[in-house]
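Colleague: Contents of upload.txt (compact mmCIF, C-alpha atoms and all ligand atoms) are below:
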# COMPACT_ATOMS: atom_id res chain seq x y z
CA MET A 22 6.36 0.84 -6.23
CA THR A 23 3.28 1.50 -8.19
CA ARG A 24 0.61 3.99 -7.43
CA ALA A 25 -2.46 2.23 -6.27
CA ARG A 26 -5.66 4.09 -6.69
CA GLY A 27 -8.64 3.61 -4.49
CA THR A 28 -10.42 1.78 -7.19
CA CYS A 29 -7.27 0.56 -8.88
CA GLY A 30 -9.01 0.90 -12.21
CA LYS A 31 -7.57 -0.50 -15.41
CA GLY A 32 -8.59 -4.04 -14.55
CA MET A 33 -5.99 -4.95 -11.98
CA ARG A 34 -6.12 -8.63 -11.26
CA LEU A 35 -5.18 -9.02 -7.63
CA ARG A 36 -6.53 -12.07 -5.92
CA LEU A 37 -9.34 -10.56 -3.90
CA ASN A 38 -10.16 -13.61 -1.88
CA GLY A 39 -8.27 -16.51 -0.48
CA MET A 40 -4.73 -16.93 0.66
CA SER A 41 -1.52 -15.28 -0.35
CA GLU A 42 0.17 -17.00 -3.28
CA LEU A 43 3.31 -17.56 -1.16
CA PRO A 44 3.65 -17.66 2.66
CA GLU A 45 3.57 -14.33 4.53
CA PRO A 46 6.83 -13.54 6.35
CA ARG A 47 5.94 -13.36 10.07
CA TRP A 48 7.64 -10.04 10.71
CA LEU A 49 5.66 -8.50 7.84
CA ARG A 50 2.22 -9.17 9.30
CA ARG A 51 3.35 -7.90 12.72
CA TYR A 52 4.89 -4.78 11.19
CA ILE A 53 1.78 -4.02 9.15
CA ASP A 54 -0.43 -4.35 12.23
CA HIS A 55 1.89 -2.04 14.16
CA ALA A 56 2.19 0.54 11.35
CA LYS A 57 -1.57 0.45 10.78
CA ASP A 58 -2.05 1.64 14.37
CA CYS A 59 0.58 4.37 13.95
CA LEU A 60 -1.18 5.66 10.82
CA GLY A 61 -4.68 5.56 12.30
CA LEU A 62 -5.77 2.74 10.01
CA HIS A 63 -7.07 0.53 12.86
CA ALA A 64 -10.41 -0.13 11.23
CA TRP A 65 -8.97 -1.35 7.93
CA GLU A 66 -8.74 -5.02 7.14
CA ILE A 67 -5.54 -5.55 5.23
CA LEU A 68 -4.86 -8.78 3.41
CA LEU A 69 -1.46 -9.66 2.04
CA ASP A 70 -0.46 -11.36 -1.13
CA ILE A 71 3.17 -12.40 -1.51
CA THR A 72 3.61 -12.98 -5.19
CA PRO A 73 6.26 -12.69 -7.92
CA THR A 74 3.80 -10.53 -9.89
CA PRO A 75 2.42 -7.87 -7.51
CA ASN A 76 0.94 -6.04 -10.48
CA PRO A 77 0.54 -8.17 -13.61
CA GLU A 78 0.17 -4.99 -15.68
CA VAL A 79 3.41 -3.39 -14.50
CA GLU A 80 6.15 -5.98 -14.61
CA SER A 81 8.64 -3.85 -12.63
CA ALA A 82 6.26 -3.18 -9.71
CA ASP A 83 7.59 -4.19 -6.28
CA ALA A 84 4.21 -3.86 -4.62
CA THR A 85 0.66 -2.89 -5.40
CA THR A 86 -2.25 -1.85 -3.23
CA TYR A 87 -5.89 -2.33 -3.94
CA ALA A 88 -7.98 -0.37 -1.45
CA GLU A 89 -11.72 -0.08 -1.14
CA PRO A 90 -12.43 2.86 1.21
CA SER A 91 -16.17 2.24 1.44
CA TYR A 92 -15.54 -1.14 3.04
CA LEU A 93 -12.22 -0.37 4.74
CA TYR A 94 -10.71 -3.30 2.94
CA ALA A 95 -7.32 -3.42 1.28
CA ARG A 96 -5.13 -6.03 -0.26
CA ILE A 97 -1.42 -5.37 -0.66
CA ALA A 98 0.70 -7.50 -2.96
CA PHE A 99 4.47 -7.65 -2.41
CA ARG A 100 7.27 -9.21 -4.40
CA PRO A 101 8.65 -11.96 -2.07
CA ALA A 102 12.37 -11.08 -2.17
CA LEU A 103 11.70 -7.52 -1.03
CA VAL A 104 9.84 -8.44 2.14
CA ALA A 105 11.57 -11.71 3.04
CA ARG A 106 13.55 -10.00 5.80
CA GLU A 107 12.95 -7.00 8.03
CA THR A 108 15.13 -4.37 6.37
CA ASN A 109 14.66 -0.62 6.20
CA ILE A 110 13.92 -0.94 2.48
CA ALA A 111 11.16 -3.45 3.23
CA LYS A 112 9.71 -1.29 6.01
CA VAL A 113 9.65 1.83 3.80
CA LEU A 114 7.90 -0.24 1.12
CA VAL A 115 5.25 -1.32 3.65
CA LEU A 116 4.75 2.26 4.87
CA HIS A 117 4.50 3.42 1.26
CA GLU A 118 1.71 0.98 0.49
CA LEU A 119 -0.09 1.79 3.76
CA LEU A 120 -0.04 5.48 2.80
CA HIS A 121 -1.83 4.51 -0.41
CA VAL A 122 -4.44 2.88 1.83
CA ALA A 123 -4.65 6.05 3.95
CA PHE A 124 -5.20 8.16 0.81
CA ALA A 125 -7.58 5.72 -0.89
CA LEU A 126 -10.69 7.82 -0.40
CA ARG A 127 -8.99 10.89 -1.85
CA ASP A 128 -7.78 8.83 -4.84
CA GLN A 129 -11.22 7.39 -5.41
CA THR A 130 -12.80 10.84 -5.25
CA GLU A 131 -10.23 12.19 -7.70
CA ASP A 132 -11.03 9.37 -10.12
CA HIS A 133 -14.71 10.07 -9.75
CA LEU A 134 -14.28 13.80 -10.45
CA ASN A 135 -11.97 13.04 -13.34
CA TYR A 136 -14.47 10.81 -15.08
CA THR A 137 -17.53 12.92 -14.36
CA LEU A 138 -16.25 16.48 -14.83
CA LEU A 139 -13.50 16.31 -17.43
CA LYS A 140 -13.68 15.81 -21.15
CA PRO A 141 -12.16 12.55 -22.42
CA LYS A 142 -9.11 14.38 -23.83
CA GLN A 143 -8.35 15.93 -20.41
CA ARG A 144 -8.64 12.75 -18.35
CA ASP A 145 -5.34 11.18 -19.23
CA LEU A 146 -3.36 14.32 -18.44
CA PHE A 147 -5.22 14.84 -15.15
CA ARG A 148 -4.61 11.24 -14.16
CA ARG A 149 -0.91 11.36 -15.05
CA LEU A 150 -0.37 14.59 -13.10
CA SER A 151 -2.33 13.48 -10.06
CA THR A 152 -0.56 10.10 -10.03
CA GLN A 153 2.81 11.79 -10.22
CA MET A 154 2.01 14.25 -7.40
CA ASN A 155 0.48 11.62 -5.14
CA GLU A 156 3.31 9.17 -5.72
CA GLN A 157 5.87 11.84 -4.88
CA SER A 158 4.08 12.65 -1.61
CA VAL A 159 3.88 8.98 -0.67
CA VAL A 160 7.57 8.38 -1.46
CA ARG A 161 8.67 11.31 0.73
CA LEU A 162 6.27 10.58 3.57
CA SER A 163 7.10 6.87 3.73
CA ARG A 164 10.80 7.64 4.15
CA ALA A 165 10.07 10.15 6.90
CA LEU A 166 7.64 7.80 8.61
CA LEU A 167 10.23 5.06 8.98
CA ASP A 168 12.06 7.07 11.66
CA LEU A 169 8.81 8.01 13.41
CA VAL A 170 7.49 4.44 13.57
CA GLU A 171 10.80 2.75 14.42
CA PRO A 172 11.03 3.53 18.19
CA SER A 173 7.58 2.12 18.99
CA TRP A 174 8.18 -0.85 16.67
CA GLN A 175 11.45 -1.72 18.40
CA ALA A 176 9.75 -1.30 21.80
CA SER A 177 6.93 -3.64 20.78
CA LYS A 178 9.44 -6.25 19.58
CA ALA A 179 11.38 -6.03 22.85
CA LYS A 180 8.14 -6.42 24.83
CA LYS A 181 7.15 -9.46 22.78
CA ASN A 182 10.58 -11.07 23.25
CA ALA A 183 10.43 -10.49 27.01
CA SER A 184 7.05 -12.16 27.40
ZN ZN B 1 3.17 4.08 -4.70
When written as structure tokens, how does the structure in this file appear?
Ligand SMILES: [Zn+2]
Modeller:
Amino acid sequence: MTRARGTCGKGMRLRLNGMSELPEPRWLRRYIDHAKDCLGLHAWEILLDITPTPNPEVESADATTYAEPSYLYARIAFRPALVARETNIAKVLVLHELLHVAFALRDQTEDHLNYTLLKPKQRDLFRRLSTQMNEQSVVRLSRALLDLVEPSWQASKAKKNAS
């Protein structure tokens, strides 16, 4: 799981328009819509990209988020095998990426301060430390969130099946 910054600098090449490279698993779109509501991200438009290369610059990445807080627009790329079925691992991965969306404005502001206030020699260290701290928070929160989101998710699935 890579850290996705608000601006996702360093020239990330996610497809910003158009369709996902591979089909979206149906459960995944429903889960993202549900989790978005739980996290207060109602206003965000979130596009999905199911692709073997979620981040072309980090070969091992399972998922990557590009989020643009000014326009409440995000695109999340997932490696297909990891989200093919609704497993707890897949759901934690989704929650992880949605937390990057939730923190996108903070990340963008941090980047802005980094590049305007720090000397070039300090920027890399600041970025590495802030990435590490933010990633750690997102990893811990996404695991905790799974249990908080699960009851309402199961209830919404039961309601859908009954109708
Ligand atoms: Zn991450």
Colleague: Which residues form the shell of 12 Å around ligand ZN 1 (chain B) when you count all atoms listed in the file, given as a PyMOL selection string?
Modeller: chain A and resi 22-27+29+76+82-87+97-98+113-125+128+152-163
Colleague: Calculated over only C-alpha atoms, which of the candidates A:Val104, A:Ile110, A:Met40, A:Ala56 has the smallest distance to Gln175 of chain A?
Modeller: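 For Gln175 of chain A, the nearest of the candidates is A:Ala56.
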Colleague: Expressed in Å to a single decimal, how great is the separation between atom CA of Leu167 of chain A and atom CA of Glu80 of chain A?
Modeller: 26.4 Å
Colleague: Check the smallest atom-to-atom distance from each of A:Thr72, A:Asn182, A:Gln129, A:Gln143 to Glu45 of chain A using all atoms listed in the file, then report the winner.
Modeller: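 Smallest separation from Glu45 of chain A among the options: A:Thr72.
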Colleague: For the atom pair atom CA of Arg148 of chain A and atom CA of Tyr136 of chain A, what is the interatomic distance in Å to one decimal place?
Modeller: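 Separating atom CA of Arg148 of chain A from atom CA of Tyr136 of chain A is a distance of 9.9 Å.
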Colleague: Provide the atom CA of Glu107 of chain A to atom CA of Leu60 of chain A distance in Å, to one decimal place.
Modeller: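 Atom CA of Leu60 of chain A lies at a distance of 19.2 Å from atom CA of Glu107 of chain A.
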Colleague: Ranking A:Lys181, A:Lys112, A:Arg100, A:Lys142 by minimum distance to Leu169 of chain A and counting only C-alpha atoms, which one comes first?
Modeller: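 With only C-alpha atoms as the atom set, the closest residue is A:Lys112.
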Colleague: Out of A:Leu126, A:Phe99, A:Leu93, A:Leu166, which residue has the shortest atom-to-atom distance to Pro77 of chain A when counting only C-alpha atoms?
Modeller: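 Under the stated criterion, the closest residue is A:Phe99.
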Colleague: Calculated over only C-alpha atoms, which of the candidates A:Val79, A:Leu134, A:Leu68, A:Ala179 has the smallest distance to Ser151 of chain A?
Modeller: A:Leu134
Colleague: Determine the nearest neighbour of Thr108 of chain A from the options A:Leu43, A:Leu49, A:Ala183, A:Leu150, counting only C-alpha atoms.
Modeller: A:Leu49
Colleague: Taking all atoms listed in the file into account, produce a table as CSV in which each residue of segment 72-157 of chain A with an atom at most 9 Å from an atom of segment 63-66 of chain A appears once, together with its shortest atom pair and the distance in Å to one decimal, ordered by chain and rising number.
Modeller:
residue,atom,partner,partner_atom,distance
A:Pro90,CA,A:Trp65,CA,8.7
A:Tyr92,CA,A:Trp65,CA,8.2
A:Leu93,CA,A:Trp65,CA,4.7
A:Tyr94,CA,A:Glu66,CA,4.9
A:Ala95,CA,A:Glu66,CA,6.2
A:Arg96,CA,A:Glu66,CA,8.3
A:Val122,CA,A:Trp65,CA,8.7
Colleague: Which centre and edge lengths in Å to one decimal define the box along x, y and z that fits every listed atom of segment 55-73 of chain A plus 6 Å per side, as AutoDock Vina command-line options?
Modeller:
--center_x -2.1 --center_y -3.7 --center_z 3.2 --size_x 28.7 --size_y 30.6 --size_z 34.3
